[in-house]
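**Q** Data file run-v9.cif (mmCIF, C-alpha atoms and all ligand atoms; chains and numbers go by the auth columns) is appended below.
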data_work
#
loop_
_atom_site.group_PDB
_atom_site.id
_atom_site.type_symbol
_atom_site.label_atom_id
_atom_site.label_comp_id
_atom_site.label_asym_id
_atom_site.label_seq_id
_atom_site.Cartn_x
_atom_site.Cartn_y
_atom_site.Cartn_z
_atom_site.B_iso_or_equiv
_atom_site.auth_seq_id
_atom_site.auth_asym_id
ATOM 1 C CA PRO A 1 -17.252 -15.272 -17.583 0.00 30 A
ATOM 2 C CA ARG A 2 -14.229 -16.266 -15.569 0.00 31 A
ATOM 3 C CA VAL A 3 -11.567 -13.568 -15.251 0.00 32 A
ATOM 4 C CA HIS A 4 -8.021 -13.988 -13.914 0.00 33 A
ATOM 5 C CA ALA A 5 -5.542 -11.123 -13.385 0.00 34 A
ATOM 6 C CA LEU A 6 -1.883 -11.178 -14.431 0.00 35 A
ATOM 7 C CA VAL A 7 0.557 -8.624 -12.986 0.00 36 A
ATOM 8 C CA PRO A 8 3.944 -8.493 -14.733 0.00 37 A
ATOM 9 C CA ALA A 9 6.503 -7.387 -12.119 0.00 38 A
ATOM 10 C CA ALA A 10 9.819 -8.626 -13.511 0.00 39 A
ATOM 11 C CA GLY A 11 11.173 -5.232 -14.554 0.00 40 A
ATOM 12 C CA ALA A 12 14.248 -3.524 -13.079 0.00 41 A
ATOM 13 C CA GLY A 13 12.946 0.058 -13.064 0.00 42 A
ATOM 14 C CA SER A 14 16.013 1.412 -14.862 0.00 43 A
ATOM 15 C CA ARG A 15 14.448 4.785 -15.751 0.00 44 A
ATOM 16 C CA PHE A 16 13.372 5.336 -12.140 0.00 45 A
ATOM 17 C CA GLY A 17 16.874 4.505 -10.964 0.00 46 A
ATOM 18 C CA ALA A 18 16.143 3.551 -7.313 0.00 47 A
ATOM 19 C CA GLU A 19 18.089 0.993 -5.246 0.00 48 A
ATOM 20 C CA VAL A 20 15.168 -1.420 -5.544 0.00 49 A
ATOM 21 C CA PRO A 21 12.869 -2.015 -8.525 0.00 50 A
ATOM 22 C CA LYS A 22 10.150 0.656 -8.430 0.00 51 A
ATOM 23 C CA GLN A 23 7.333 -1.871 -7.811 0.00 52 A
ATOM 24 C CA TYR A 24 8.831 -2.424 -4.334 0.00 53 A
ATOM 25 C CA LEU A 25 8.952 1.236 -3.270 0.00 54 A
ATOM 26 C CA ALA A 26 6.560 2.252 -0.488 0.00 55 A
ATOM 27 C CA VAL A 27 3.368 4.216 -1.071 0.00 56 A
ATOM 28 C CA ALA A 28 1.005 4.826 1.863 0.00 57 A
ATOM 29 C CA GLY A 29 2.537 2.021 3.918 0.00 58 A
ATOM 30 C CA LYS A 30 2.515 -0.678 1.230 0.00 59 A
ATOM 31 C CA ALA A 31 4.695 -1.540 -1.743 0.00 60 A
ATOM 32 C CA VAL A 32 3.554 -0.255 -5.148 0.00 61 A
ATOM 33 C CA ILE A 33 2.912 -3.861 -6.287 0.00 62 A
ATOM 34 C CA GLU A 34 0.740 -4.532 -3.217 0.00 63 A
ATOM 35 C CA HIS A 35 -1.577 -1.710 -4.249 0.00 64 A
ATOM 36 C CA ALA A 36 -1.703 -2.972 -7.848 0.00 65 A
ATOM 37 C CA VAL A 37 -2.439 -6.579 -6.836 0.00 66 A
ATOM 38 C CA GLY A 38 -4.772 -5.608 -4.000 0.00 67 A
ATOM 39 C CA VAL A 39 -7.155 -3.622 -6.196 0.00 68 A
ATOM 40 C CA LEU A 40 -7.453 -6.575 -8.587 0.00 69 A
ATOM 41 C CA ALA A 41 -7.697 -9.293 -5.901 0.00 70 A
ATOM 42 C CA SER A 42 -10.472 -7.415 -4.080 0.00 71 A
ATOM 43 C CA HIS A 43 -12.608 -6.927 -7.215 0.00 72 A
ATOM 44 C CA PRO A 44 -15.590 -9.318 -7.122 0.00 73 A
ATOM 45 C CA ALA A 45 -15.216 -10.345 -10.800 0.00 74 A
ATOM 46 C CA VAL A 46 -11.550 -11.342 -10.469 0.00 75 A
ATOM 47 C CA GLU A 47 -11.150 -14.970 -9.384 0.00 76 A
ATOM 48 C CA GLY A 48 -7.378 -15.008 -8.910 0.00 77 A
ATOM 49 C CA VAL A 49 -4.127 -13.104 -9.423 0.00 78 A
ATOM 50 C CA THR A 50 -0.790 -14.318 -10.801 0.00 79 A
ATOM 51 C CA VAL A 51 2.402 -12.251 -10.682 0.00 80 A
ATOM 52 C CA THR A 52 5.546 -12.695 -12.790 0.00 81 A
ATOM 53 C CA LEU A 53 8.809 -11.905 -10.991 0.00 82 A
ATOM 54 C CA ALA A 54 12.440 -11.593 -12.047 0.00 83 A
ATOM 55 C CA PRO A 55 14.118 -14.995 -11.470 0.00 84 A
ATOM 56 C CA ASP A 56 16.510 -13.405 -8.925 0.00 85 A
ATOM 57 C CA ASP A 57 13.819 -11.338 -7.141 0.00 86 A
ATOM 58 C CA ASP A 58 14.655 -11.046 -3.407 0.00 87 A
ATOM 59 C CA TYR A 59 11.927 -8.573 -2.508 0.00 88 A
ATOM 60 C CA PHE A 60 8.552 -10.243 -3.115 0.00 89 A
ATOM 61 C CA VAL A 61 8.961 -12.884 -0.371 0.00 90 A
ATOM 62 C CA GLY A 62 9.513 -10.118 2.171 0.00 91 A
ATOM 63 C CA LEU A 63 6.106 -8.521 1.535 0.00 92 A
ATOM 64 C CA ALA A 64 2.847 -9.384 3.285 0.00 93 A
ATOM 65 C CA LEU A 65 1.678 -10.206 -0.247 0.00 94 A
ATOM 66 C CA GLY A 66 4.529 -12.700 -0.576 0.00 95 A
ATOM 67 C CA ALA A 67 2.953 -14.831 2.172 0.00 96 A
ATOM 68 C CA ASP A 68 -0.482 -14.910 0.479 0.00 97 A
ATOM 69 C CA PRO A 69 -0.973 -18.483 -0.811 0.00 98 A
ATOM 70 C CA THR A 70 -3.738 -17.405 -3.204 0.00 99 A
ATOM 71 C CA ILE A 71 -1.314 -15.370 -5.347 0.00 100 A
ATOM 72 C CA GLY A 72 0.382 -17.407 -8.107 0.00 101 A
ATOM 73 C CA VAL A 73 4.063 -16.671 -8.773 0.00 102 A
ATOM 74 C CA VAL A 74 5.795 -17.322 -12.113 0.00 103 A
ATOM 75 C CA ALA A 75 9.266 -16.404 -13.414 0.00 104 A
ATOM 76 C CA GLY A 76 9.230 -13.493 -15.859 0.00 105 A
ATOM 77 C CA GLY A 77 11.372 -12.945 -18.955 0.00 106 A
ATOM 78 C CA ALA A 78 13.786 -10.433 -20.433 0.00 107 A
ATOM 79 C CA THR A 79 11.008 -8.235 -21.844 0.00 108 A
ATOM 80 C CA ARG A 80 7.543 -7.360 -20.606 0.00 109 A
ATOM 81 C CA ALA A 81 6.045 -9.372 -23.479 0.00 110 A
ATOM 82 C CA GLU A 82 7.982 -12.495 -22.435 0.00 111 A
ATOM 83 C CA SER A 83 6.975 -11.984 -18.805 0.00 112 A
ATOM 84 C CA VAL A 84 3.317 -11.808 -19.850 0.00 113 A
ATOM 85 C CA LEU A 85 3.664 -14.869 -22.087 0.00 114 A
ATOM 86 C CA ASN A 86 5.111 -16.907 -19.198 0.00 115 A
ATOM 87 C CA GLY A 87 2.267 -15.816 -16.948 0.00 116 A
ATOM 88 C CA LEU A 88 -0.380 -16.635 -19.551 0.00 117 A
ATOM 89 C CA ALA A 89 0.984 -20.157 -20.054 0.00 118 A
ATOM 90 C CA TYR A 90 0.761 -20.708 -16.288 0.00 119 A
ATOM 91 C CA ILE A 91 -2.794 -19.362 -16.111 0.00 120 A
ATOM 92 C CA ARG A 92 -3.859 -21.571 -19.026 0.00 121 A
ATOM 93 C CA ASP A 93 -2.385 -24.653 -17.341 0.00 122 A
ATOM 94 C CA GLN A 94 -3.420 -23.951 -13.715 0.00 123 A
ATOM 95 C CA HIS A 95 -6.749 -22.145 -14.040 0.00 124 A
ATOM 96 C CA ASP A 96 -9.620 -22.450 -16.451 0.00 125 A
ATOM 97 C CA ALA A 97 -10.248 -18.715 -16.731 0.00 126 A
ATOM 98 C CA GLU A 98 -11.362 -17.578 -20.196 0.00 127 A
ATOM 99 C CA TRP A 99 -10.302 -13.950 -19.755 0.00 128 A
ATOM 100 C CA VAL A 100 -7.213 -12.238 -18.418 0.00 129 A
ATOM 101 C CA LEU A 101 -6.744 -8.703 -17.099 0.00 130 A
ATOM 102 C CA VAL A 102 -3.057 -7.802 -17.584 0.00 131 A
ATOM 103 C CA HIS A 103 -2.017 -4.955 -15.267 0.00 132 A
ATOM 104 C CA ASP A 104 1.398 -3.331 -14.675 0.00 133 A
ATOM 105 C CA ALA A 105 2.793 -3.838 -11.155 0.00 134 A
ATOM 106 C CA ALA A 106 3.959 -0.207 -11.408 0.00 135 A
ATOM 107 C CA ARG A 107 0.383 1.212 -11.541 0.00 136 A
ATOM 108 C CA PRO A 108 -0.789 1.476 -7.912 0.00 137 A
ATOM 109 C CA GLY A 109 -3.610 3.986 -8.520 0.00 138 A
ATOM 110 C CA LEU A 110 -6.113 1.705 -10.292 0.00 139 A
ATOM 111 C CA ASP A 111 -9.660 1.688 -8.867 0.00 140 A
ATOM 112 C CA HIS A 112 -12.669 -0.628 -9.066 0.00 141 A
ATOM 113 C CA ALA A 113 -14.738 1.800 -11.129 0.00 142 A
ATOM 114 C CA ALA A 114 -12.145 1.692 -13.935 0.00 143 A
ATOM 115 C CA ILE A 115 -12.096 -2.132 -13.800 0.00 144 A
ATOM 116 C CA ASP A 116 -15.916 -2.105 -13.991 0.00 145 A
ATOM 117 C CA ARG A 117 -15.834 0.101 -17.123 0.00 146 A
ATOM 118 C CA LEU A 118 -13.259 -2.183 -18.733 0.00 147 A
ATOM 119 C CA LEU A 119 -15.177 -5.405 -18.004 0.00 148 A
ATOM 120 C CA GLU A 120 -18.445 -3.859 -19.192 0.00 149 A
ATOM 121 C CA ALA A 121 -16.913 -2.872 -22.534 0.00 150 A
ATOM 122 C CA GLY A 122 -14.558 -5.784 -23.107 0.00 151 A
ATOM 123 C CA LEU A 123 -16.269 -9.011 -22.061 0.00 152 A
ATOM 124 C CA SER A 124 -18.701 -8.908 -24.975 0.00 153 A
ATOM 125 C CA SER A 125 -16.075 -9.158 -27.736 0.00 154 A
ATOM 126 C CA PRO A 126 -13.122 -11.505 -28.370 0.00 155 A
ATOM 127 C CA ASP A 127 -11.217 -8.376 -29.478 0.00 156 A
ATOM 128 C CA GLY A 128 -11.089 -7.247 -25.836 0.00 157 A
ATOM 129 C CA ALA A 129 -10.496 -3.771 -24.439 0.00 158 A
ATOM 130 C CA LEU A 130 -7.964 -1.573 -22.679 0.00 159 A
ATOM 131 C CA LEU A 131 -7.989 1.456 -20.425 0.00 160 A
ATOM 132 C CA ALA A 132 -6.584 4.561 -22.102 0.00 161 A
ATOM 133 C CA LEU A 133 -6.688 8.351 -21.778 0.00 162 A
ATOM 134 C CA PRO A 134 -7.166 10.955 -24.495 0.00 163 A
ATOM 135 C CA ILE A 135 -3.912 12.900 -25.034 0.00 164 A
ATOM 136 C CA ARG A 136 -4.109 16.163 -23.079 0.00 165 A
ATOM 137 C CA ASP A 137 -1.219 18.182 -24.531 0.00 166 A
ATOM 138 C CA THR A 138 -0.769 19.539 -28.055 0.00 167 A
ATOM 139 C CA LEU A 139 1.571 17.159 -29.900 0.00 168 A
ATOM 140 C CA LYS A 140 4.585 18.242 -31.957 0.00 169 A
ATOM 141 C CA ARG A 141 6.614 16.140 -34.361 0.00 170 A
ATOM 142 C CA ALA A 142 10.345 17.020 -34.169 0.00 171 A
ATOM 143 C CA ASP A 143 12.747 17.277 -37.086 0.00 172 A
ATOM 144 C CA ALA A 144 16.409 16.185 -36.947 0.00 173 A
ATOM 145 C CA ASP A 145 17.429 19.595 -35.494 0.00 174 A
ATOM 146 C CA GLY A 146 14.983 19.393 -32.605 0.00 175 A
ATOM 147 C CA CYS A 147 12.690 21.979 -34.152 0.00 176 A
ATOM 148 C CA VAL A 148 8.981 21.585 -34.790 0.00 177 A
ATOM 149 C CA ALA A 149 8.312 19.842 -38.066 0.00 178 A
ATOM 150 C CA ALA A 150 4.564 19.619 -37.559 0.00 179 A
ATOM 151 C CA THR A 151 1.707 19.739 -35.089 0.00 180 A
ATOM 152 C CA VAL A 152 0.070 16.321 -34.868 0.00 181 A
ATOM 153 C CA ASP A 153 -3.704 16.190 -34.663 0.00 182 A
ATOM 154 C CA ARG A 154 -4.454 14.714 -31.226 0.00 183 A
ATOM 155 C CA GLU A 155 -8.177 14.320 -31.892 0.00 184 A
ATOM 156 C CA ASP A 156 -8.001 10.552 -32.318 0.00 185 A
ATOM 157 C CA LEU A 157 -4.924 9.786 -30.177 0.00 186 A
ATOM 158 C CA TRP A 158 -5.070 7.961 -26.839 0.00 187 A
ATOM 159 C CA ALA A 159 -2.357 6.976 -24.332 0.00 188 A
ATOM 160 C CA ALA A 160 -2.693 3.272 -23.446 0.00 189 A
ATOM 161 C CA GLN A 161 -2.913 2.238 -19.780 0.00 190 A
ATOM 162 C CA THR A 162 -3.523 -1.103 -18.094 0.00 191 A
ATOM 163 C CA PRO A 163 -5.434 -3.267 -17.242 0.00 192 A
ATOM 164 C CA GLN A 164 -5.957 -4.670 -20.723 0.00 193 A
ATOM 165 C CA LEU A 165 -8.617 -7.376 -21.045 0.00 194 A
ATOM 166 C CA PHE A 166 -8.357 -10.239 -23.546 0.00 195 A
ATOM 167 C CA PRO A 167 -9.269 -13.928 -23.926 0.00 196 A
ATOM 168 C CA VAL A 168 -6.426 -15.989 -22.416 0.00 197 A
ATOM 169 C CA GLN A 169 -5.832 -18.238 -25.415 0.00 198 A
ATOM 170 C CA GLY A 170 -6.274 -15.471 -27.998 0.00 199 A
ATOM 171 C CA LEU A 171 -3.712 -13.270 -26.257 0.00 200 A
ATOM 172 C CA LEU A 172 -1.307 -16.170 -25.810 0.00 201 A
ATOM 173 C CA ASP A 173 -1.447 -16.993 -29.529 0.00 202 A
ATOM 174 C CA ALA A 174 -1.093 -13.338 -30.561 0.00 203 A
ATOM 175 C CA LEU A 175 1.892 -12.668 -28.285 0.00 204 A
ATOM 176 C CA GLN A 176 3.619 -15.886 -29.315 0.00 205 A
ATOM 177 C CA ALA A 177 3.173 -15.039 -33.002 0.00 206 A
ATOM 178 C CA GLN A 178 4.589 -11.558 -32.559 0.00 207 A
ATOM 179 C CA LEU A 179 7.591 -12.766 -30.546 0.00 208 A
ATOM 180 C CA ASP A 180 8.192 -15.534 -33.120 0.00 209 A
ATOM 181 C CA ALA A 181 8.287 -12.797 -35.775 0.00 210 A
ATOM 182 C CA GLY A 182 11.091 -11.066 -33.856 0.00 211 A
ATOM 183 C CA GLU A 183 8.912 -8.166 -32.704 0.00 212 A
ATOM 184 C CA THR A 184 8.466 -7.021 -29.098 0.00 213 A
ATOM 185 C CA PRO A 185 5.095 -5.419 -28.348 0.00 214 A
ATOM 186 C CA THR A 186 5.058 -2.976 -25.412 0.00 215 A
ATOM 187 C CA ASP A 187 1.455 -3.782 -24.514 0.00 216 A
ATOM 188 C CA GLU A 188 -1.006 -6.613 -25.036 0.00 217 A
ATOM 189 C CA ALA A 189 -3.281 -4.665 -27.366 0.00 218 A
ATOM 190 C CA GLN A 190 -0.436 -4.302 -29.862 0.00 219 A
ATOM 191 C CA ALA A 191 -0.135 -8.083 -30.216 0.00 220 A
ATOM 192 C CA MET A 192 -3.911 -8.417 -30.600 0.00 221 A
ATOM 193 C CA GLU A 193 -4.001 -5.616 -33.204 0.00 222 A
ATOM 194 C CA ARG A 194 -1.269 -7.358 -35.186 0.00 223 A
ATOM 195 C CA ALA A 195 -3.440 -10.493 -35.146 0.00 224 A
ATOM 196 C CA GLY A 196 -6.313 -8.495 -36.640 0.00 225 A
ATOM 197 C CA ALA A 197 -8.313 -7.579 -33.521 0.00 226 A
ATOM 198 C CA ARG A 198 -9.831 -4.125 -32.843 0.00 227 A
ATOM 199 C CA PRO A 199 -9.674 -3.750 -29.043 0.00 228 A
ATOM 200 C CA ARG A 200 -12.094 -1.211 -27.556 0.00 229 A
ATOM 201 C CA LEU A 201 -10.653 1.927 -25.907 0.00 230 A
ATOM 202 C CA VAL A 202 -12.154 2.503 -22.455 0.00 231 A
ATOM 203 C CA MET A 203 -11.713 5.717 -20.442 0.00 232 A
ATOM 204 C CA GLY A 204 -8.948 5.164 -17.889 0.00 233 A
ATOM 205 C CA SER A 205 -7.972 7.441 -15.018 0.00 234 A
ATOM 206 C CA GLY A 206 -5.297 10.056 -14.455 0.00 235 A
ATOM 207 C CA MET A 207 -4.471 8.464 -11.104 0.00 236 A
ATOM 208 C CA ASN A 208 -3.752 5.156 -12.843 0.00 237 A
ATOM 209 C CA LEU A 209 -0.370 6.439 -13.985 0.00 238 A
ATOM 210 C CA LYS A 210 2.592 4.109 -14.390 0.00 239 A
ATOM 211 C CA VAL A 211 5.366 4.937 -11.931 0.00 240 A
ATOM 212 C CA THR A 212 8.204 5.532 -14.403 0.00 241 A
ATOM 213 C CA TRP A 213 10.158 8.570 -13.153 0.00 242 A
ATOM 214 C CA PRO A 214 10.853 9.661 -9.529 0.00 243 A
ATOM 215 C CA GLU A 215 8.257 12.470 -9.630 0.00 244 A
ATOM 216 C CA ASP A 216 5.552 9.890 -10.389 0.00 245 A
ATOM 217 C CA LEU A 217 6.064 8.411 -6.914 0.00 246 A
ATOM 218 C CA LEU A 218 5.360 11.805 -5.331 0.00 247 A
ATOM 219 C CA ALA A 219 2.075 11.978 -7.247 0.00 248 A
ATOM 220 C CA VAL A 220 0.833 8.511 -6.262 0.00 249 A
ATOM 221 C CA ARG A 221 1.896 9.084 -2.645 0.00 250 A
ATOM 222 C CA ALA A 222 -0.176 12.264 -2.576 0.00 251 A
ATOM 223 C CA TRP A 223 -3.198 10.510 -4.127 0.00 252 A
ATOM 224 C CA LEU A 224 -3.072 7.296 -2.108 0.00 253 A
ATOM 225 C CA GLY A 225 -2.348 8.948 1.228 0.00 254 A
ATOM 226 C CA ALA A 226 0.817 9.768 3.102 0.00 255 A
ATOM 227 C CA GLY A 227 0.682 6.632 5.278 0.00 256 A
ATOM 228 C CA ALA A 228 3.867 5.355 6.902 0.00 257 A
ATOM 229 C CA ASP A 229 6.406 5.745 4.098 0.00 258 A
HETATM 230 N N1 LIG B . 8.055 -5.885 -16.698 0.00 1 B
HETATM 231 C C1 LIG B . 8.159 -7.281 -16.626 0.00 1 B
HETATM 232 N N2 LIG B . 9.195 -7.922 -17.242 0.00 1 B
HETATM 233 C C2 LIG B . 10.144 -7.230 -17.907 0.00 1 B
HETATM 234 C C3 LIG B . 10.046 -5.823 -18.003 0.00 1 B
HETATM 235 C C4 LIG B . 8.975 -5.165 -17.382 0.00 1 B
HETATM 236 O O1 LIG B . 7.311 -7.934 -16.014 0.00 1 B
HETATM 237 N N3 LIG B . 11.160 -7.900 -18.461 0.00 1 B
HETATM 238 C C5 LIG B . 6.955 -5.204 -15.982 0.00 1 B
HETATM 239 C C6 LIG B . 7.446 -4.157 -14.993 0.00 1 B
HETATM 240 O O2 LIG B . 7.820 -4.769 -13.754 0.00 1 B
HETATM 241 C C7 LIG B . 6.245 -3.219 -14.880 0.00 1 B
HETATM 242 C C8 LIG B . 5.568 -3.354 -16.253 0.00 1 B
HETATM 243 O O3 LIG B . 6.146 -4.501 -16.885 0.00 1 B
HETATM 244 O O4 LIG B . 5.328 -3.628 -13.890 0.00 1 B
HETATM 245 C C9 LIG B . 5.745 -2.088 -17.083 0.00 1 B
HETATM 246 O O5 LIG B . 7.092 -1.943 -17.453 0.00 1 B
HETATM 247 P P1 LIG B . 8.006 -0.658 -17.202 0.00 1 B
HETATM 248 O O6 LIG B . 7.204 0.450 -16.649 0.00 1 B
HETATM 249 O O7 LIG B . 8.828 -0.451 -18.412 0.00 1 B
HETATM 250 O O8 LIG B . 8.939 -1.170 -15.972 0.00 1 B
HETATM 251 P P2 LIG B . 10.490 -1.481 -16.003 0.00 1 B
HETATM 252 O O9 LIG B . 10.834 -2.257 -17.230 0.00 1 B
HETATM 253 O O10 LIG B . 10.808 -2.082 -14.683 0.00 1 B
HETATM 254 O O11 LIG B . 11.119 -0.010 -16.046 0.00 1 B
HETATM 255 P P3 LIG B . 12.271 0.519 -17.062 0.00 1 B
HETATM 256 O O12 LIG B . 11.742 0.300 -18.449 0.00 1 B
HETATM 257 O O13 LIG B . 12.447 1.961 -16.687 0.00 1 B
HETATM 258 O O14 LIG B . 13.485 -0.320 -16.743 0.00 1 B
HETATM 259 MG MG MG B . 10.571 -1.353 -19.191 0.00 2 B
#
Output the file's structure as structure tokens, nothing else.
**A**
Amino acid sequence: PRVHALVPAAGAGSRFGAEVPKQYLAVAGKAVIEHAVGVLASHPAVEGVTVTLAPDDDYFVGLALGADPTIGVVAGGATRAESVLNGLAYIRDQHDAEWVLVHDAARPGLDHAAIDRLLEAGLSSPDGALLALPIRDTLKRADADGCVAATVDREDLWAAQTPQLFPVQGLLDALQAQLDAGETPTDEAQAMERAGARPRLVMGSGMNLKVTWPEDLLAVRAWLGAGAD
């Protein structure tokens, strides 16, 4: 099966709060997005990579990655879901891949073994699959006063990661339907679930964390090597 990768990178990184969007911060001598794209582009099953960028992005062209003619570039949207939808429409029109791996630009710690697990589990069903991790902490539900109202059973709870693997056209239809309904999914699986699919949960990796807060950058720098930051 033909697999294309889509890396949404049109976010502003407002929670991180750096001068530049977090996907352009340096980790081990490369930008965060260069790690994320590089792991996908170098996987033997991935035939191409497309990134979606903010329309006013000044940073991508300055990267080594920005000079790579094999990487497709598409304008993103106001939400992650719209950015992914734009990228999917481009992939459908420019490539005849059947499957897409959608992966956050802000996750530099992905590895080939995790991609292998995802492809193995997901390519056999149109319902697709996603990387995820079992919840490690005990979960509490808060009441209006900030006190514990209940302990939530974590037995069957998982934290979703990316990549998420789905058929290109199926995901496009599901995302479009959800956006048309005025809802904004925060991952691809949510749109597929709403359309009736049961995506398979595949064991992700602790190092595949999404750089969200400043301390996350310290963790990925430690894992990926000090380099020339
Ligand atoms: N993303 C995107 N288009 C948007 C918003 C987000 O392509 N309109 C991308 C981000 O660039 C990131 C991924 O989706 O690679 C995950 O989003 P998130 O971690 O929320 O990144 P930001 O939206 O940039 O961060 P924040 O929510 O803190 O502003
Ligand atoms: Mg965001």
**Q** Neighbours of ligand MG 2 (chain B) within 8 Å, counting only C-alpha atoms and all ligand atoms, as a PDB file with C-alpha atoms, in the frame of the given file?
**A**
ATOM      1  CA  GLY A  40      11.173  -5.232 -14.554  1.00  0.00           C
ATOM      2  CA  ALA A  41      14.248  -3.524 -13.079  1.00  0.00           C
ATOM      3  CA  GLY A  42      12.946   0.058 -13.064  1.00  0.00           C
ATOM      4  CA  SER A  43      16.013   1.412 -14.862  1.00  0.00           C
ATOM      5  CA  THR A 108      11.008  -8.235 -21.844  1.00  0.00           C
ATOM      6  CA  ARG A 109       7.543  -7.360 -20.606  1.00  0.00           C
TER       7      ARG A 109
END
**Q** Kindly resolve the PyMOL selection byres (((chain A and resi 71-75) around 8) and not hetatm) on the present coordinates and return the residues as a list in words.
**A**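 After applying the PyMOL selection byres (((chain A and resi 71-75) around 8) and not hetatm), what remains is Arg31, Val32, His33, Ala34, Gly67, Val68, Leu69, Ala70, Glu76, Gly77, Val78 and His141 of chain A.
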**Q** Counting only C-alpha atoms and all ligand atoms, what residues are within 9 Å of ligand LIG 1 (chain B), given as an MDAnalysis selection string?
**A** chainID A and resid 36:46 50:52 62 80:83 105:113 132:136 215:216 239:242
**Q** Of the candidates A:Pro192, A:Gly101, A:Ala203, A:Leu54, which one gets nearest to Gly116 of chain A if we count only C-alpha atoms?
**A**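 The shortest atom-to-atom distance to Gly116 of chain A comes from A:Gly101.
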**Q** Which is closer to Glu184 of chain A than all the others in A:Gly211, A:Pro155, A:Gly235, A:Pro163, using all atoms listed in the file?
**A**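 Among A:Gly211, A:Pro155, A:Gly235, A:Pro163, it is A:Pro163 that comes nearest to Glu184 of chain A.
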**Q** Using the chain letters and residue numbers of this document, give as a ChimeraX atom specification the residues selected by the PyMOL selection byres (((chain A and resi 166) around 12) and not hetatm).
**A** /A:162-165,167-169,180-184,186-188
**Q** Do you know which residues the PyMOL selection byres (((chain A and resi 191) around 10) and not hetatm) returns on this file, as number ranges by chain?
**A** A: 36, 130-134, 136, 139, 143-144, 147, 158-161, 189-190, 192-194, 216-218, 233, 237-239
**Q** Show me, as a PyMOL selection string, the residues that have an atom within 12 Å of Ser153 of chain A when counting all atoms listed in the file, minus same-chain residues fewer than 4 positions from it.
**A** chain A and resi 30+128+147-149+157-158+194-196+228-229
**Q** Quick one, how far is atom CA of Val129 of chain A from atom CA of His64 of chain A?
**A**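 A separation of 18.5 Å between them.
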**Q** Between atom CA of Thr79 of chain A and atom CA of Leu35 of chain A, measure the distance and give it in Å to one decimal.
**A**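 Spanning atom CA of Thr79 of chain A to atom CA of Leu35 of chain A is a straight-line distance of 4.9 Å.
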**Q** Ranking A:Val49, A:Ala206, A:Ala251, A:Val231 by minimum distance to Gln219 of chain A and counting all atoms listed in the file, which one comes first?
**A**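 Among the listed residues, A:Ala206 lies closest to Gln219 of chain A.
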**Q** When you count all atoms listed in the file, which of these residues is closest to Gly254 of chain A: A:Cys176, A:Ala55, A:Ala65, A:Leu201?
**A**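 Smallest distance to Gly254 of chain A is found for A:Ala55.
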**Q** Give me, please, the distance in Å between atom CA of Leu92 of chain A and atom CA of Val61 of chain A, quoted to one decimal.
**A** 10.9 Å
**Q** Neighbours of Gly199 of chain A within 9 Å (all atoms listed in the file; same-chain residues fewer than 5 positions away dropped), as a list in words?
**A**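 The neighbour list is Pro155, Asp156, Leu204 and Met221 of chain A.
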**Q** Pick from A:Asp185, A:Asp145, A:Asp140, A:Asp202: nearest to Ser234 of chain A, with all atoms listed in the file counted?
**A** A:Asp140
**Q** Which residue gives the smallest distance to Ala47 of chain A among A:Leu253, A:Val102, A:Leu246, A:Ala93, with all atoms listed in the file counted?
**A**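 For Ala47 of chain A, the nearest of the given residues is A:Leu246.
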